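Student: Pasting a structure below so you can have a look.
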Amino acid sequence: SLAHTGFRLTSGADQLIIWGDVVVSPELQFAHPEWTSTFDANPAQAAQSRMQVFREVAADQIPVLGMHLPFPGAGTVLARGDAYELVAL
């Protein structure tokens with residue numbers, strides 16, 4: 001089974017999510033979180049996991065840091081209907 005690792009860092013009420021390959025194409029997958037990649041071993045599970053993470057970090061305003069994100073590689077995720085937007089920190 002293939003899997004990716006992510007980390008949630010907390011200090012009091014402050015949080016930060018460090019994710020691996022939640023997105024591999026941020027230009028597409030924030031707008032269409034249900035879109036998968038050829039790198040996804042289980043596309044349905046990858047899309048479900050991505051949407052769950054997006055919902056959580058957007059709802060709780062948790063900053064994210066991760067691979068494949070545009071410079072500076074960190075931001076906050078905003079919900080935009082069924083889509084999401086990454087706002088760089």
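Ordering of the structure tokens sets the chain letters (A, B, ...), residue numbers begin anew at 1 in every chain, and ligands are numbered from 1 in the order given.
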With a distance cut-off of 10 Å and only C-alpha atoms, select the neighbouring residues of region 36-44 of chain A, excluding the residue or stretch itself and same-chain residues fewer than 3 positions from it, and output the selection as an MDAnalysis selection string.
Tutor: chainID A and resid 1:3 21 23:25 28:29 32:33 47:50
Student: Restricting it to C-alpha atoms, dump the selection as a PDB file, in the first residue's frame.
Tutor:
```
ATOM      1  CA  SER A   1       0.000   0.000   0.000  1.00  0.00           C
ATOM      2  CA  LEU A   2       1.258   3.467  -0.884  1.00  0.00           C
ATOM      3  CA  ALA A   3       0.706   6.382   1.427  1.00  0.00           C
ATOM      4  CA  ASP A  21       1.385  15.385  -2.045  1.00  0.00           C
ATOM      5  CA  VAL A  23      -1.879  18.480  -4.375  1.00  0.00           C
ATOM      6  CA  VAL A  24       0.526  17.822  -7.223  1.00  0.00           C
ATOM      7  CA  SER A  25      -0.961  20.442  -9.533  1.00  0.00           C
ATOM      8  CA  LEU A  28      -5.783  22.725 -11.181  1.00  0.00           C
ATOM      9  CA  GLN A  29      -6.546  20.894  -7.954  1.00  0.00           C
ATOM     10  CA  HIS A  32     -11.087  21.127  -8.965  1.00  0.00           C
ATOM     11  CA  PRO A  33     -10.181  19.145  -5.825  1.00  0.00           C
ATOM     12  CA  ALA A  47      -9.681  12.928  -4.180  1.00  0.00           C
ATOM     13  CA  GLN A  48     -11.660  12.175  -1.012  1.00  0.00           C
ATOM     14  CA  SER A  49      -8.618  12.808   1.200  1.00  0.00           C
ATOM     15  CA  ARG A  50      -7.756  16.051  -0.602  1.00  0.00           C
TER      16      ARG A  50
END
```
Student: Just want the 10 Å neighbourhood of His68 (chain A), counted on only C-alpha atoms, with same-chain residues fewer than 2 positions away dropped. Output as JSON, numbers by chain.
Tutor: {"A": [19, 20, 21, 22, 23, 24, 25, 26, 27, 65, 66, 70, 71, 73]}
Student: For N, CA, C and O atoms, I'd like the residues from the last selection saved as a PDB file, in the first residue's frame.
Tutor:
```
ATOM      1  N   TRP A  19       1.932  19.210   4.553  1.00  0.00           N
ATOM      2  CA  TRP A  19       1.447  18.075   3.769  1.00  0.00           C
ATOM      3  C   TRP A  19       2.442  17.703   2.695  1.00  0.00           C
ATOM      4  O   TRP A  19       3.241  18.510   2.251  1.00  0.00           O
ATOM      5  N   GLY A  20       2.372  16.444   2.298  1.00  0.00           N
ATOM      6  CA  GLY A  20       3.222  15.954   1.221  1.00  0.00           C
ATOM      7  C   GLY A  20       2.580  16.246  -0.119  1.00  0.00           C
ATOM      8  O   GLY A  20       2.598  17.373  -0.602  1.00  0.00           O
ATOM      9  N   ASP A  21       1.960  15.260  -0.707  1.00  0.00           N
ATOM     10  CA  ASP A  21       1.385  15.385  -2.045  1.00  0.00           C
ATOM     11  C   ASP A  21      -0.133  15.502  -2.020  1.00  0.00           C
ATOM     12  O   ASP A  21      -0.818  14.884  -2.822  1.00  0.00           O
ATOM     13  N   VAL A  22      -0.664  16.321  -1.125  1.00  0.00           N
ATOM     14  CA  VAL A  22      -2.114  16.553  -1.125  1.00  0.00           C
ATOM     15  C   VAL A  22      -2.528  17.113  -2.478  1.00  0.00           C
ATOM     16  O   VAL A  22      -3.553  16.752  -3.024  1.00  0.00           O
ATOM     17  N   VAL A  23      -1.700  18.002  -3.008  1.00  0.00           N
ATOM     18  CA  VAL A  23      -1.879  18.480  -4.375  1.00  0.00           C
ATOM     19  C   VAL A  23      -0.572  18.276  -5.122  1.00  0.00           C
ATOM     20  O   VAL A  23       0.503  18.423  -4.550  1.00  0.00           O
ATOM     21  N   VAL A  24      -0.668  17.893  -6.371  1.00  0.00           N
ATOM     22  CA  VAL A  24       0.526  17.822  -7.223  1.00  0.00           C
ATOM     23  C   VAL A  24       0.447  18.865  -8.328  1.00  0.00           C
ATOM     24  O   VAL A  24       1.443  19.194  -8.941  1.00  0.00           O
ATOM     25  N   SER A  25      -0.742  19.385  -8.546  1.00  0.00           N
ATOM     26  CA  SER A  25      -0.961  20.442  -9.533  1.00  0.00           C
ATOM     27  C   SER A  25      -1.864  21.503  -8.909  1.00  0.00           C
ATOM     28  O   SER A  25      -3.073  21.512  -9.126  1.00  0.00           O
ATOM     29  N   PRO A  26      -1.283  22.391  -8.107  1.00  0.00           N
ATOM     30  CA  PRO A  26      -2.109  23.360  -7.394  1.00  0.00           C
ATOM     31  C   PRO A  26      -2.935  24.247  -8.317  1.00  0.00           C
ATOM     32  O   PRO A  26      -4.049  24.631  -7.963  1.00  0.00           O
ATOM     33  N   GLU A  27      -2.424  24.544  -9.495  1.00  0.00           N
ATOM     34  CA  GLU A  27      -3.153  25.385 -10.439  1.00  0.00           C
ATOM     35  C   GLU A  27      -4.494  24.756 -10.824  1.00  0.00           C
ATOM     36  O   GLU A  27      -5.452  25.457 -11.132  1.00  0.00           O
ATOM     37  N   LEU A  65       1.734  24.182   4.658  1.00  0.00           N
ATOM     38  CA  LEU A  65       3.081  24.239   4.113  1.00  0.00           C
ATOM     39  C   LEU A  65       3.267  22.939   3.368  1.00  0.00           C
ATOM     40  O   LEU A  65       2.959  21.877   3.913  1.00  0.00           O
ATOM     41  N   GLY A  66       3.709  23.004   2.123  1.00  0.00           N
ATOM     42  CA  GLY A  66       3.829  21.730   1.436  1.00  0.00           C
ATOM     43  C   GLY A  66       4.527  21.770   0.096  1.00  0.00           C
ATOM     44  O   GLY A  66       4.780  22.840  -0.468  1.00  0.00           O
ATOM     45  N   PRO A  70       3.045  26.870  -4.948  1.00  0.00           N
ATOM     46  CA  PRO A  70       3.855  27.946  -5.510  1.00  0.00           C
ATOM     47  C   PRO A  70       4.589  28.719  -4.407  1.00  0.00           C
ATOM     48  O   PRO A  70       4.153  28.716  -3.252  1.00  0.00           O
ATOM     49  N   PHE A  71       5.670  29.372  -4.779  1.00  0.00           N
ATOM     50  CA  PHE A  71       6.457  30.160  -3.830  1.00  0.00           C
ATOM     51  C   PHE A  71       5.538  31.081  -3.041  1.00  0.00           C
ATOM     52  O   PHE A  71       4.660  31.697  -3.625  1.00  0.00           O
ATOM     53  N   GLY A  73       5.521  28.496  -0.873  1.00  0.00           N
ATOM     54  CA  GLY A  73       5.281  27.129  -0.423  1.00  0.00           C
ATOM     55  C   GLY A  73       4.421  27.028   0.814  1.00  0.00           C
ATOM     56  O   GLY A  73       4.312  25.969   1.427  1.00  0.00           O
TER      57      GLY A  73
END
```
Student: Hey, what's within 10 Å of Leu86 (chain A) if we count only C-alpha atoms and toss same-chain stuff fewer than 2 positions away? As a list in words, please?
Tutor: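 Answer for this query is Pro26, Glu27, Phe30, Ala31, Phe54, Ala58, Pro63, Val64, Leu69, Pro70, Ala74, Gly75, Thr76, Val77, Leu78, Ala79, Tyr84, Ala88 and Leu89 of chain A.
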Student: Produce a file of the selected residues containing C-alpha atoms, as a tab-separated table (two decimals), in the first residue's frame.
Tutor:
```
chain	number	residue	atom	x	y	z
A	26	PRO	CA	-2.11	23.36	-7.39
A	27	GLU	CA	-3.15	25.39	-10.44
A	30	PHE	CA	-7.54	23.88	-5.80
A	31	ALA	CA	-10.13	24.78	-8.43
A	54	PHE	CA	-9.17	21.29	2.12
A	58	ALA	CA	-10.32	26.20	5.20
A	63	PRO	CA	-1.99	27.53	7.49
A	64	VAL	CA	-0.47	24.89	5.21
A	69	LEU	CA	2.76	24.78	-3.71
A	70	PRO	CA	3.86	27.95	-5.51
A	74	ALA	CA	2.95	28.17	2.39
A	75	GLY	CA	-0.49	29.69	2.58
A	76	THR	CA	-4.03	29.53	3.76
A	77	VAL	CA	-6.85	27.79	1.92
A	78	LEU	CA	-10.14	29.57	1.31
A	79	ALA	CA	-13.38	27.84	0.32
A	84	TYR	CA	-10.73	26.34	-3.07
A	88	ALA	CA	0.21	32.73	-0.08
A	89	LEU	CA	1.55	33.70	3.32
```
Student: Need to verify the contact set: Ala13 (chain A), 12 Å, only C-alpha atoms, exclusion of same-chain residues closer than 4 positions in sequence. Can you return it as a ChimeraX atom specification?
Tutor: /A:9,60-62
Student: May I have the selected residues written with C-alpha atoms, as a JSON list (two decimals), in the first residue's frame?
Tutor:
```json
[["chain", "number", "residue", "atom", "x", "y", "z"],
["A", 9, "LEU", "CA", 2.07, 20.98, 14.46],
["A", 60, "ASP", "CA", -10.37, 26.16, 10.79],
["A", 61, "GLN", "CA", -8.09, 28.65, 8.96],
["A", 62, "ILE", "CA", -5.05, 26.42, 9.48]]
```
Student: Can you work out the spacing between CA of Gly81 (chain A) and CA of Thr10 (chain A) in Å, to one decimal?
Tutor: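 Separating CA of Gly81 (chain A) from CA of Thr10 (chain A) is a distance of 28.1 Å.
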Student: Quick one: pick out all strand (DSSP E or B) residues within chain A from a backbone DSSP run and write them as a PyMOL selection string.
Tutor: chain A and resi 7-11+14-19+64-66+74-80+83-88
Student: To one decimal place in Å, what is the distance between CA of Gln45 (chain A) and CA of Pro72 (chain A)?
Tutor: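 Distance reported for this atom pair: 27.9 Å.
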Student: Would you mind telling me which residue in A:Ala59, A:Val53, A:Met67, A:Val87 lies nearest to Arg8 (chain A) when using only C-alpha atoms?
Tutor: A:Val53
